[in-house]
file final.cif (mmCIF, C-alpha atoms)
data_entry
loop_
_atom_site.label_atom_id
_atom_site.label_comp_id
_atom_site.auth_asym_id
_atom_site.auth_seq_id
_atom_site.Cartn_x
_atom_site.Cartn_y
_atom_site.Cartn_z
CA MET M 1 -14.62 -169.44 85.65
CA ALA M 2 -17.85 -171.42 85.79
CA LEU M 3 -19.31 -169.26 83.03
CA LEU M 4 -16.21 -169.75 80.87
CA ALA M 5 -16.36 -173.51 81.37
CA TYR M 6 -20.05 -173.46 80.41
CA LEU M 7 -19.35 -171.48 77.22
CA LYS M 8 -16.61 -173.93 76.24
CA SER M 9 -19.04 -176.82 76.61
CA LEU M 10 -21.63 -175.27 74.28
CA PHE M 11 -22.08 -177.47 71.22
CA ILE M 12 -22.75 -174.51 68.91
CA LEU M 13 -19.36 -172.94 69.72
CA GLN M 14 -17.61 -176.26 69.21
CA LEU M 15 -19.46 -176.67 65.93
CA LEU M 16 -18.38 -173.23 64.75
CA MET M 17 -14.76 -174.04 65.62
CA GLY M 18 -15.13 -177.29 63.72
CA PHE M 19 -16.53 -175.37 60.75
CA VAL M 20 -13.50 -173.05 60.76
CA PHE M 21 -11.06 -175.97 60.97
CA VAL M 22 -12.71 -178.01 58.21
CA VAL M 23 -13.29 -175.17 55.73
CA SER M 24 -9.87 -173.62 56.29
CA GLY M 25 -8.37 -177.10 55.91
CA LEU M 26 -10.08 -177.60 52.56
CA ILE M 27 -8.83 -174.18 51.41
CA ILE M 28 -5.31 -175.04 52.55
CA ASN M 29 -5.44 -178.44 50.80
CA PHE M 30 -6.54 -176.74 47.58
CA ILE M 31 -3.66 -174.26 47.81
CA GLN M 32 -1.28 -177.16 48.48
CA LEU M 33 -2.56 -178.86 45.35
CA CYS M 34 -1.87 -175.70 43.36
CA THR M 35 1.70 -175.54 44.67
CA CYS M 36 2.49 -178.88 43.02
CA VAL M 37 3.32 -176.98 39.82
CA LEU M 38 6.37 -175.59 41.66
CA TRP M 39 7.91 -179.00 42.38
CA PRO M 40 9.62 -179.55 38.99
CA PHE M 41 11.09 -176.04 38.98
CA ASN M 42 11.84 -175.22 42.63
CA LYS M 43 11.39 -178.10 45.05
CA GLN M 44 12.67 -176.17 48.05
CA LEU M 45 10.24 -173.30 47.49
CA TYR M 46 7.39 -175.84 47.28
CA ARG M 47 8.49 -177.27 50.62
CA ARG M 48 8.81 -173.93 52.38
CA ILE M 49 5.34 -172.86 51.23
CA ASN M 50 3.79 -176.15 52.33
CA CYS M 51 5.47 -175.95 55.74
CA ARG M 52 3.68 -172.65 56.33
CA LEU M 53 0.38 -173.94 54.97
CA ALA M 54 0.59 -176.98 57.25
CA TYR M 55 1.37 -174.70 60.19
CA SER M 56 -1.80 -172.73 59.50
CA LEU M 57 -3.84 -175.93 59.85
CA TRP M 58 -2.01 -177.76 62.66
CA SER M 59 -1.76 -174.63 64.79
CA GLN M 60 -5.56 -174.57 65.08
CA LEU M 61 -5.37 -177.91 66.92
CA VAL M 62 -2.48 -176.63 69.04
CA MET M 63 -4.61 -173.56 69.83
CA LEU M 64 -7.26 -175.89 71.27
CA LEU M 65 -4.72 -177.41 73.64
CA GLU M 66 -2.94 -174.19 74.62
CA TRP M 67 -5.64 -171.53 74.64
CA TRP M 68 -9.02 -173.29 74.63
CA SER M 69 -8.31 -175.98 77.23
CA GLY M 70 -5.36 -174.17 78.85
CA THR M 71 -3.40 -177.40 79.17
CA ASP M 72 0.01 -176.95 80.82
CA CYS M 73 3.13 -178.55 79.30
CA THR M 74 6.22 -178.88 81.48
CA LEU M 75 9.59 -180.14 80.22
CA TYR M 76 11.94 -182.11 82.44
CA THR M 77 15.33 -181.50 80.85
CA ASP M 78 18.37 -179.24 81.02
CA GLN M 79 18.84 -175.86 79.39
CA ALA M 80 21.60 -177.15 77.11
CA THR M 81 19.12 -179.58 75.53
CA VAL M 82 16.43 -176.91 75.16
CA ASP M 83 18.94 -174.60 73.47
CA LYS M 84 19.25 -177.20 70.69
CA PHE M 85 15.50 -177.27 69.96
CA GLY M 86 14.65 -175.87 66.55
CA THR M 87 18.30 -175.62 65.51
CA GLU M 88 18.89 -179.14 64.16
CA HIS M 89 17.22 -182.04 62.38
CA ALA M 90 16.29 -184.69 64.93
CA ILE M 91 14.46 -187.99 65.41
CA ILE M 92 11.88 -187.96 68.22
CA ILE M 93 11.01 -191.16 70.10
CA LEU M 94 7.72 -190.77 71.98
CA ASN M 95 5.72 -193.25 74.05
CA HIS M 96 2.26 -193.98 72.63
CA ASN M 97 -0.02 -194.21 75.70
CA PHE M 98 -2.45 -191.32 75.33
CA GLU M 99 -5.03 -190.07 72.84
CA ILE M 100 -3.45 -186.61 72.67
CA ASP M 101 0.24 -187.55 72.79
CA PHE M 102 0.61 -186.28 69.20
CA LEU M 103 -0.96 -182.96 70.20
CA CYS M 104 1.49 -182.48 73.07
CA GLY M 105 4.30 -183.20 70.60
CA TRP M 106 2.91 -180.64 68.16
CA THR M 107 2.70 -178.09 70.96
CA MET M 108 6.42 -178.46 71.64
CA CYS M 109 7.11 -178.22 67.91
CA GLU M 110 5.13 -174.99 67.73
CA ARG M 111 6.84 -173.39 70.70
CA TYR M 112 10.22 -174.01 69.09
CA GLY M 113 9.23 -172.99 65.58
CA ILE M 114 9.16 -176.30 63.71
CA LEU M 115 5.49 -177.28 63.69
CA GLY M 116 5.05 -176.90 59.93
CA SER M 117 8.11 -179.01 59.13
CA SER M 118 7.47 -181.78 61.66
CA LYS M 119 7.41 -185.29 60.18
CA VAL M 120 6.20 -188.70 61.28
CA LEU M 121 6.38 -192.32 60.18
CA ALA M 122 2.62 -192.78 59.89
CA LYS M 123 0.36 -195.75 59.27
CA HIS M 124 -1.03 -195.82 55.75
CA GLU M 125 -4.66 -195.69 56.93
CA LEU M 126 -4.17 -192.06 58.02
CA LEU M 127 -3.62 -191.03 54.40
CA LYS M 128 -7.37 -191.52 53.91
CA VAL M 129 -8.33 -189.21 56.78
CA PRO M 130 -9.66 -185.90 55.35
CA LEU M 131 -7.49 -182.83 55.95
CA ILE M 132 -4.94 -184.64 58.14
CA GLY M 133 -3.92 -187.28 55.62
CA TRP M 134 -4.19 -184.92 52.64
CA THR M 135 -1.99 -182.28 54.30
CA TRP M 136 0.57 -184.92 55.25
CA TYR M 137 0.71 -186.15 51.66
CA PHE M 138 1.81 -182.71 50.43
CA LEU M 139 4.32 -182.53 53.32
CA GLU M 140 6.07 -185.70 52.10
CA ILE M 141 5.15 -187.66 55.20
CA VAL M 142 6.36 -191.27 55.05
CA PHE M 143 3.46 -193.72 55.21
CA CYS M 144 3.79 -197.43 55.94
CA LYS M 145 1.49 -200.45 56.09
CA ARG M 146 3.54 -202.04 58.90
CA LYS M 147 4.42 -204.98 56.65
CA TRP M 148 8.14 -204.67 56.00
CA GLU M 149 8.24 -206.51 52.69
CA GLU M 150 5.65 -204.09 51.31
CA ASP M 151 7.05 -201.04 53.08
CA ARG M 152 10.75 -201.44 52.35
CA LYS M 153 10.87 -199.58 49.03
CA THR M 154 8.35 -196.90 50.07
CA VAL M 155 10.05 -196.14 53.39
CA PHE M 156 13.57 -196.02 51.97
CA SER M 157 12.58 -193.74 49.08
CA GLY M 158 10.45 -191.51 51.36
CA LEU M 159 13.25 -191.06 53.86
CA ASP M 160 15.85 -190.53 51.14
CA ARG M 161 13.81 -187.58 49.77
CA LEU M 162 14.00 -185.83 53.15
CA LYS M 163 17.80 -185.65 53.24
CA ASP M 164 17.86 -182.20 51.66
CA TYR M 165 14.84 -180.77 53.50
CA PRO M 166 15.34 -176.99 53.78
CA GLU M 167 13.62 -176.46 57.17
CA TYR M 168 14.72 -177.97 60.47
CA MET M 169 12.49 -180.98 61.10
CA TRP M 170 11.64 -183.30 63.95
CA PHE M 171 10.87 -186.80 62.67
CA LEU M 172 8.51 -188.54 65.11
CA LEU M 173 8.67 -192.29 65.68
CA TYR M 174 6.26 -194.32 67.77
CA CYS M 175 8.63 -197.26 68.12
CA GLU M 176 6.01 -199.37 69.89
CA GLY M 177 4.13 -199.39 66.59
CA THR M 178 0.69 -198.98 68.12
CA ARG M 179 -1.00 -197.34 71.08
CA PHE M 180 -0.59 -199.00 74.49
CA THR M 181 -3.48 -201.10 75.83
CA GLU M 182 -3.43 -203.76 78.52
CA GLN M 183 -4.26 -206.51 76.04
CA LYS M 184 -1.47 -205.46 73.68
CA HIS M 185 0.91 -205.15 76.61
CA GLN M 186 0.28 -208.76 77.71
CA ILE M 187 0.91 -210.03 74.18
CA SER M 188 3.98 -207.83 73.82
CA MET M 189 5.52 -209.15 77.04
CA GLN M 190 4.94 -212.72 75.89
CA ILE M 191 6.97 -211.86 72.80
CA ALA M 192 9.65 -210.25 74.98
CA GLU M 193 9.87 -213.41 77.10
CA SER M 194 10.16 -215.62 74.02
CA LYS M 195 13.05 -213.45 72.75
CA GLY M 196 14.82 -213.31 76.09
CA LEU M 197 14.31 -209.55 76.44
CA PRO M 198 13.60 -207.75 79.73
CA LYS M 199 9.90 -207.12 80.35
CA LEU M 200 8.51 -203.60 80.37
CA LYS M 201 5.79 -202.37 82.70
CA TYR M 202 4.61 -199.17 80.99
CA HIS M 203 5.53 -199.73 77.33
CA LEU M 204 5.14 -202.25 74.57
CA LEU M 205 8.24 -203.94 73.18
CA PRO M 206 9.70 -201.49 70.63
CA ARG M 207 9.76 -202.50 67.00
CA THR M 208 13.34 -201.80 66.05
CA LYS M 209 13.15 -201.94 62.24
CA GLY M 210 11.52 -198.52 61.85
CA PHE M 211 14.08 -196.84 64.10
CA THR M 212 17.17 -198.51 62.62
CA THR M 213 15.97 -197.81 59.06
CA THR M 214 15.14 -194.16 59.78
CA LEU M 215 18.47 -193.58 61.50
CA GLN M 216 20.35 -195.32 58.70
CA CYS M 217 18.61 -193.30 55.96
CA LEU M 218 18.78 -189.92 57.68
CA LYS M 219 22.29 -190.22 59.09
CA GLY M 220 24.20 -187.18 57.93
CA THR M 221 20.97 -185.16 58.05
CA VAL M 222 19.75 -185.67 61.61
CA THR M 223 22.27 -184.89 64.32
CA ALA M 224 20.38 -186.08 67.39
CA VAL M 225 17.74 -188.39 68.79
CA TYR M 226 15.40 -186.94 71.41
CA ASP M 227 13.85 -189.46 73.76
CA VAL M 228 10.55 -188.02 75.01
CA THR M 229 8.55 -189.71 77.77
CA LEU M 230 5.07 -188.29 78.35
CA ASN M 231 2.75 -188.57 81.33
CA PHE M 232 -0.03 -186.54 82.97
CA LYS M 233 -0.51 -185.28 86.51
CA ASP M 234 -2.99 -186.94 88.89
CA ASN M 235 -3.42 -190.03 86.69
CA GLN M 236 -5.38 -188.00 84.14
CA THR M 237 -6.56 -189.80 81.02
CA PRO M 238 -6.73 -186.98 78.45
CA THR M 239 -8.83 -187.20 75.30
CA LEU M 240 -9.26 -185.00 72.26
CA LEU M 241 -12.96 -184.75 73.11
CA GLY M 242 -11.97 -183.46 76.56
CA ILE M 243 -9.77 -180.82 74.89
CA VAL M 244 -12.69 -179.77 72.65
CA ASN M 245 -14.86 -179.45 75.77
CA GLY M 246 -12.26 -177.14 77.31
CA LYS M 247 -10.95 -179.55 79.93
CA LYS M 248 -7.52 -178.61 81.29
CA TYR M 249 -4.77 -181.20 81.64
CA LYS M 250 -1.23 -181.05 83.00
CA ALA M 251 1.30 -182.71 80.73
CA ASP M 252 4.85 -183.57 81.80
CA LEU M 253 7.51 -184.49 79.24
CA SER M 254 10.92 -185.87 80.10
CA VAL M 255 13.34 -185.07 77.26
CA ARG M 256 16.81 -186.57 76.80
CA ARG M 257 19.11 -185.76 73.89
CA PHE M 258 21.45 -188.33 72.34
CA SER M 259 23.93 -187.37 69.66
CA VAL M 260 23.73 -189.62 66.61
CA GLU M 261 27.43 -190.41 67.10
CA GLU M 262 26.53 -192.13 70.40
CA ILE M 263 24.28 -194.66 68.65
CA PRO M 264 25.86 -197.77 67.06
CA ASP M 265 25.92 -198.07 63.26
CA ASP M 266 25.46 -201.83 63.26
CA GLU M 267 21.76 -202.71 62.91
CA LYS M 268 21.76 -205.35 65.65
CA GLU M 269 23.65 -203.13 68.09
CA CYS M 270 21.37 -200.22 67.21
CA ALA M 271 18.33 -202.41 67.98
CA ASN M 272 19.88 -203.37 71.33
CA TRP M 273 20.45 -199.66 72.04
CA LEU M 274 16.73 -199.01 71.44
CA HIS M 275 15.71 -201.86 73.75
CA LYS M 276 17.96 -200.41 76.47
CA LEU M 277 16.41 -196.98 75.87
CA TYR M 278 12.93 -198.38 76.47
CA GLN M 279 14.08 -200.00 79.70
CA GLU M 280 15.23 -196.54 80.79
CA LYS M 281 11.89 -195.03 79.67
CA ASP M 282 10.14 -197.65 81.79
CA ALA M 283 12.26 -196.65 84.79
CA LEU M 284 11.29 -193.01 84.20
CA GLN M 285 7.60 -193.93 84.19
CA GLU M 286 8.08 -195.95 87.37
CA HIS M 287 9.67 -192.90 89.01
CA TYR M 288 6.74 -190.76 87.81
CA SER M 289 4.24 -193.26 89.18
CA LYS M 290 5.84 -193.07 92.64
CA GLU M 291 6.88 -189.42 92.81
CA GLY M 292 4.31 -187.71 90.57
CA LYS M 293 7.08 -186.13 88.52
CA PHE M 294 10.09 -186.99 86.38
CA PRO M 295 13.62 -186.52 87.72
CA GLY M 296 15.65 -183.46 86.77
CA PRO M 297 15.15 -179.71 86.35
CA THR M 298 11.93 -178.32 84.90
CA ILE M 299 11.42 -175.81 82.11
CA ILE M 300 8.04 -174.39 81.08
CA PRO M 301 8.31 -173.00 77.54
CA PRO M 302 5.95 -170.04 77.10
CA ARG M 303 3.09 -170.41 74.67
CA ARG M 304 3.28 -168.12 71.66
CA PRO M 305 0.41 -165.95 70.38
CA TRP M 306 0.64 -167.15 66.76
CA THR M 307 -1.70 -170.13 67.14
CA LEU M 308 -4.44 -167.92 68.59
CA LEU M 309 -3.90 -165.18 65.99
CA ASN M 310 -3.95 -167.74 63.18
CA PHE M 311 -7.28 -169.14 64.41
CA LEU M 312 -8.77 -165.66 64.80
CA PHE M 313 -7.74 -164.86 61.23
CA TRP M 314 -9.54 -167.93 59.84
CA ALA M 315 -12.54 -167.42 62.15
CA THR M 316 -12.96 -163.81 60.99
CA LEU M 317 -12.52 -164.75 57.36
CA LEU M 318 -14.99 -167.66 57.41
CA LEU M 319 -17.54 -166.89 60.13
CA SER M 320 -18.35 -163.31 59.08
CA PRO M 321 -19.93 -164.31 55.74
CA LEU M 322 -21.50 -167.38 57.36
CA ILE M 323 -23.20 -165.30 60.06
CA ASN M 324 -24.37 -162.73 57.51
CA PHE M 325 -25.77 -165.49 55.32
CA ALA M 326 -27.45 -167.20 58.30
CA CYS M 327 -29.07 -163.90 59.31
CA GLY M 328 -30.38 -163.45 55.79
CA VAL M 329 -31.85 -166.95 55.80
CA ALA M 330 -33.45 -166.37 59.21
CA VAL M 331 -35.00 -163.12 58.04
CA SER M 332 -36.45 -164.90 55.00
CA GLY M 333 -38.66 -166.88 57.38
CA SER M 334 -38.65 -170.05 55.24
CA PRO M 335 -38.52 -173.08 57.56
CA LEU M 336 -37.46 -175.39 54.72
CA LEU M 337 -34.62 -173.09 53.65
CA ILE M 338 -33.43 -172.76 57.26
CA ILE M 339 -33.35 -176.55 57.73
CA VAL M 340 -31.53 -177.11 54.42
CA VAL M 341 -28.91 -174.46 55.17
CA GLU M 342 -28.31 -175.79 58.70
CA HIS M 343 -27.66 -179.27 57.36
CA LEU M 344 -25.42 -178.10 54.51
CA ASP M 345 -23.37 -175.75 56.71
CA PHE M 346 -22.89 -177.81 59.86
CA CYS M 347 -23.29 -181.53 59.08
CA PRO M 348 -20.04 -181.91 57.05
CA PRO M 349 -17.88 -180.15 59.69
CA SER M 350 -19.53 -182.16 62.47
CA ILE M 351 -18.85 -185.44 60.66
CA ALA M 352 -15.26 -184.44 59.88
CA ILE M 353 -14.50 -183.48 63.50
CA ARG M 354 -16.10 -186.70 64.75
CA ARG M 355 -13.86 -188.62 62.35
CA LEU M 356 -10.79 -186.77 63.60
CA ILE M 357 -11.69 -187.48 67.23
CA GLY M 358 -12.39 -191.11 66.35
CA VAL M 359 -8.90 -191.48 64.86
CA THR M 360 -7.36 -190.60 68.26
CA GLU M 361 -9.61 -192.75 70.47
CA VAL M 362 -7.74 -195.65 72.08
CA LYS M 363 -10.61 -198.12 71.83
CA LYS M 364 -11.21 -197.46 68.14
CA THR M 365 -7.68 -197.29 66.79
CA GLY M 366 -4.44 -199.16 66.73
CA SER M 367 -3.20 -202.26 64.99
CA SER M 368 -4.21 -205.85 65.60
CA TYR M 369 -0.96 -206.23 67.54
CA GLY M 370 -0.38 -209.93 68.17
CA ASN M 371 -4.07 -210.64 67.64
CA GLN M 372 -4.10 -213.75 65.47
CA GLU M 373 -7.88 -213.73 65.04
CA ALA M 374 -7.85 -210.17 63.80
CA LYS M 375 -5.02 -210.97 61.41
CA LYS M 376 -7.00 -213.90 60.00
CA GLN M 377 -10.00 -211.64 59.46
CA ASN M 378 -7.79 -209.09 57.71
#

call {"tool": "encode", "arguments": {"input": "final.cif", "output": "structure tokens"}}
result
Amino acid sequence: MALLAYLKSLFILQLLMGFVFVVSGLIINFIQLCTCVLWPFNKQLYRRINCRLAYSLWSQLVMLLEWWSGTDCTLYTDQATVDKFGTEHAIIILNHNFEIDFLCGWTMCERYGILGSSKVLAKHELLKVPLIGWTWYFLEIVFCKRKWEEDRKTVFSGLDRLKDYPEYMWFLLYCEGTRFTEQKHQISMQIAESKGLPKLKYHLLPRTKGFTTTLQCLKGTVTAVYDVTLNFKDNQTPTLLGIVNGKKYKADLSVRRFSVEEIPDDEKECANWLHKLYQEKDALQEHYSKEGKFPGPTIIPPRRPWTLLNFLFWATLLLSPLINFACGVAVSGSPLLIIVVEHLDFCPPSIAIRRLIGVTEVKKTGSSYGNQEAKKQN
């Protein structure tokens, strides 16, 4: 075990994995670009192809969580709810406390066969992130600037396009709008007090507009809302860098299913329903803090081999010629050529992976939530 942990920590192995992810991602993005010619003639075929292309990229990140780090994911829910997974369009409400919360969500999507068709209401800045943002663009992900007057038309039209999506999709919403930090929490609770709303201990005050708009636009398409509350055993603070280094975490997810018919149609009542939901999520986190687990039965969905096989396919395809080329350069004996090749082959992947990790880091991301000084500077 110690030897395996040491191998996982080797920078050269991490760099090679990064090389595979970046180069395969660029190939996938190019293929996605080529599929655009299908859109005017067969929109649904375009979508099905892009779902599978996206799966080929996202599953490499899921592979890191499942097979490289060996992170465990346990569901706290009933079998009737699990039986619905992957068989209906649904809205997912997930707390935004951890750097890898999205990765845990993707893992559940993969295990129930909907990773490629998963959607999210994403901040517009992510569109500029190489590979991630570009892949999302071809997947018709809805981007927003978190300024409703600017977002209204974009969000409504983006959601309206998804009504006839041919693959079952889970549409992820971070209703808190930004990742939880103590500073943001203090500001959020001041807002809650000013509005006469109950204070939350483990969450920010949810922003209701995104949820009510998404539900309104997708009603008739989505049949359920899944409330997912995530936490980690032993007060772990997981990071994407920790996953890359092979560190194992233990994730627990409490999942509750609500039929769309249970949720009020009126916008104000729907907003009140969401506030009540977050009070219940807070109670679940309080229970977890005291008991070290969520209430209810547990289900551990088995990991599937496809993420590992997909990565091995790309690794074989891309590393074999790279290794042969590197051997040829080494045999040439030219120090200058060796240095040039090393920089050309490994610097771009290293920078891209660092950018991806930086996007997930709590201290470097998130909005200027309630921060008047930051808003003035922006």

call {"tool": "closest_residue", "arguments": {"input": "final.cif", "among": "M:Gly18, M:Gly86, M:Pro301, M:Gly158", "to": "M:Asp72", "atoms": "all atoms listed in the file"}}
result
M:Pro301

call {"tool": "residues_around", "arguments": {"input": "final.cif", "residues": "M:Tyr137", "least_positions_apart": "2", "cutoff": "12 Å", "atoms": "only C-alpha atoms", "output": "MDAnalysis selection string"}}
result
chainID M and resid 29 32:33 36 47 50:51 54 119:122 124 126:135 139:143 158

call {"tool": "atom_distance", "arguments": {"input": "final.cif", "atom1": "atom CA of M:Lys195", "atom2": "atom CA of M:Arg207"}}
result
12.8 Å

call {"tool": "axis_aligned_box", "arguments": {"input": "final.cif", "around": "stretch 21-33 of chain M", "padding_each_side": "3 Å", "output": "JSON"}}
result
{"center_x": -7.3, "center_y": -176.2, "center_z": 53.2, "size_x": 18.0, "size_y": 11.2, "size_z": 21.6}

call {"tool": "resolve_selection", "arguments": {"input": "final.cif", "expression": "the PyMOL selection byres ((chain M and resi 93) around 7)", "output": "PyMOL selection string"}}
result
chain M and resi 91-92+94-95+172-175+226-228

call {"tool": "resolve_selection", "arguments": {"input": "final.cif", "expression": "the PyMOL selection byres ((chain M and resi 27) around 12)", "output": "JSON, numbers by chain"}}
result
{"M": [20, 21, 22, 23, 24, 25, 26, 28, 29, 30, 31, 32, 33, 34, 53, 54, 56, 57, 131, 134, 135, 314, 317, 318]}

call {"tool": "write_last_selection", "arguments": {"input": "final.cif", "atoms": "C-alpha atoms", "output": "short mmCIF file (atom, residue, chain, number, x, y, z; two decimals), in the frame of the given file"}}
result
data_model
loop_
_atom_site.label_atom_id
_atom_site.label_comp_id
_atom_site.auth_asym_id
_atom_site.auth_seq_id
_atom_site.Cartn_x
_atom_site.Cartn_y
_atom_site.Cartn_z
CA VAL M 20 -13.50 -173.05 60.76
CA PHE M 21 -11.06 -175.97 60.97
CA VAL M 22 -12.71 -178.01 58.21
CA VAL M 23 -13.29 -175.17 55.73
CA SER M 24 -9.87 -173.62 56.29
CA GLY M 25 -8.37 -177.10 55.91
CA LEU M 26 -10.08 -177.60 52.56
CA ILE M 28 -5.31 -175.04 52.55
CA ASN M 29 -5.44 -178.44 50.80
CA PHE M 30 -6.54 -176.74 47.58
CA ILE M 31 -3.66 -174.26 47.81
CA GLN M 32 -1.28 -177.16 48.48
CA LEU M 33 -2.56 -178.86 45.35
CA CYS M 34 -1.87 -175.70 43.36
CA LEU M 53 0.38 -173.94 54.97
CA ALA M 54 0.59 -176.98 57.25
CA SER M 56 -1.80 -172.73 59.50
CA LEU M 57 -3.84 -175.93 59.85
CA LEU M 131 -7.49 -182.83 55.95
CA TRP M 134 -4.19 -184.92 52.64
CA THR M 135 -1.99 -182.28 54.30
CA TRP M 314 -9.54 -167.93 59.84
CA LEU M 317 -12.52 -164.75 57.36
CA LEU M 318 -14.99 -167.66 57.41
#

call {"tool": "resolve_selection", "arguments": {"input": "final.cif", "expression": "the PyMOL selection byres ((chain M and resi 161) around 12)", "output": "VMD selection string"}}
result
chain M and resid 43 to 44 47 139 to 142 154 to 160 162 to 166 217 to 218 221

call {"tool": "atom_distance", "arguments": {"input": "final.cif", "atom1": "atom CA of M:Asp83", "atom2": "atom CA of M:Trp106"}}
result
17.9 Å

call {"tool": "closest_residue", "arguments": {"input": "final.cif", "among": "M:Glu167, M:Glu66, M:Glu176, M:Asp265", "to": "M:Thr213", "atoms": "only C-alpha atoms"}}
result
M:Asp265

call {"tool": "decode", "arguments": {"input": "final.cif", "residues": "stretch 205-211 of chain M", "atoms": "all heavy atoms", "output": "compact mmCIF listing (two decimals), in the first residue's frame"}}
result
# COMPACT_ATOMS: atom_id res chain seq x y z
N LEU M 205 -27.95 31.47 2.22
CA LEU M 205 -29.35 31.68 1.85
C LEU M 205 -29.52 31.36 0.37
O LEU M 205 -28.78 31.89 -0.48
CB LEU M 205 -29.73 33.14 2.13
CG LEU M 205 -31.22 33.49 2.07
CD1 LEU M 205 -31.95 32.83 3.24
CD2 LEU M 205 -31.40 35.00 2.09
N PRO M 206 -30.44 30.47 0.01
CA PRO M 206 -30.58 30.11 -1.42
C PRO M 206 -31.12 31.28 -2.23
O PRO M 206 -31.95 32.06 -1.76
CB PRO M 206 -31.58 28.95 -1.39
CG PRO M 206 -32.37 29.16 -0.13
CD PRO M 206 -31.41 29.74 0.86
N ARG M 207 -30.60 31.39 -3.45
CA ARG M 207 -31.12 32.37 -4.39
C ARG M 207 -32.23 31.68 -5.18
O ARG M 207 -31.98 30.75 -5.95
CB ARG M 207 -30.00 32.84 -5.32
CG ARG M 207 -28.86 33.51 -4.56
CD ARG M 207 -27.77 33.96 -5.52
NE ARG M 207 -26.67 34.61 -4.81
CZ ARG M 207 -25.62 35.17 -5.41
NH1 ARG M 207 -25.53 35.15 -6.73
NH2 ARG M 207 -24.67 35.75 -4.70
N THR M 208 -33.43 32.15 -5.01
CA THR M 208 -34.59 31.40 -5.49
C THR M 208 -34.88 31.58 -6.98
O THR M 208 -35.52 30.75 -7.59
CB THR M 208 -35.85 31.81 -4.70
OG1 THR M 208 -36.07 33.23 -4.87
CG2 THR M 208 -35.66 31.52 -3.21
N LYS M 209 -34.39 32.67 -7.57
CA LYS M 209 -34.75 32.98 -8.96
C LYS M 209 -34.31 31.87 -9.92
O LYS M 209 -35.06 31.49 -10.83
CB LYS M 209 -34.12 34.31 -9.37
CG LYS M 209 -34.42 34.74 -10.80
CD LYS M 209 -35.91 34.98 -11.03
CE LYS M 209 -36.40 36.22 -10.36
NZ LYS M 209 -37.81 36.52 -10.73
N GLY M 210 -33.08 31.37 -9.76
CA GLY M 210 -32.60 30.32 -10.65
C GLY M 210 -33.45 29.07 -10.57
O GLY M 210 -33.75 28.44 -11.60
N PHE M 211 -33.84 28.69 -9.35
CA PHE M 211 -34.64 27.48 -9.17
C PHE M 211 -36.04 27.65 -9.74
O PHE M 211 -36.53 26.79 -10.50
CB PHE M 211 -34.73 27.11 -7.69
CG PHE M 211 -35.65 25.96 -7.41
CD1 PHE M 211 -35.32 24.67 -7.80
CD2 PHE M 211 -36.87 26.16 -6.77
CE1 PHE M 211 -36.18 23.60 -7.57
CE2 PHE M 211 -37.73 25.10 -6.52
CZ PHE M 211 -37.38 23.82 -6.92
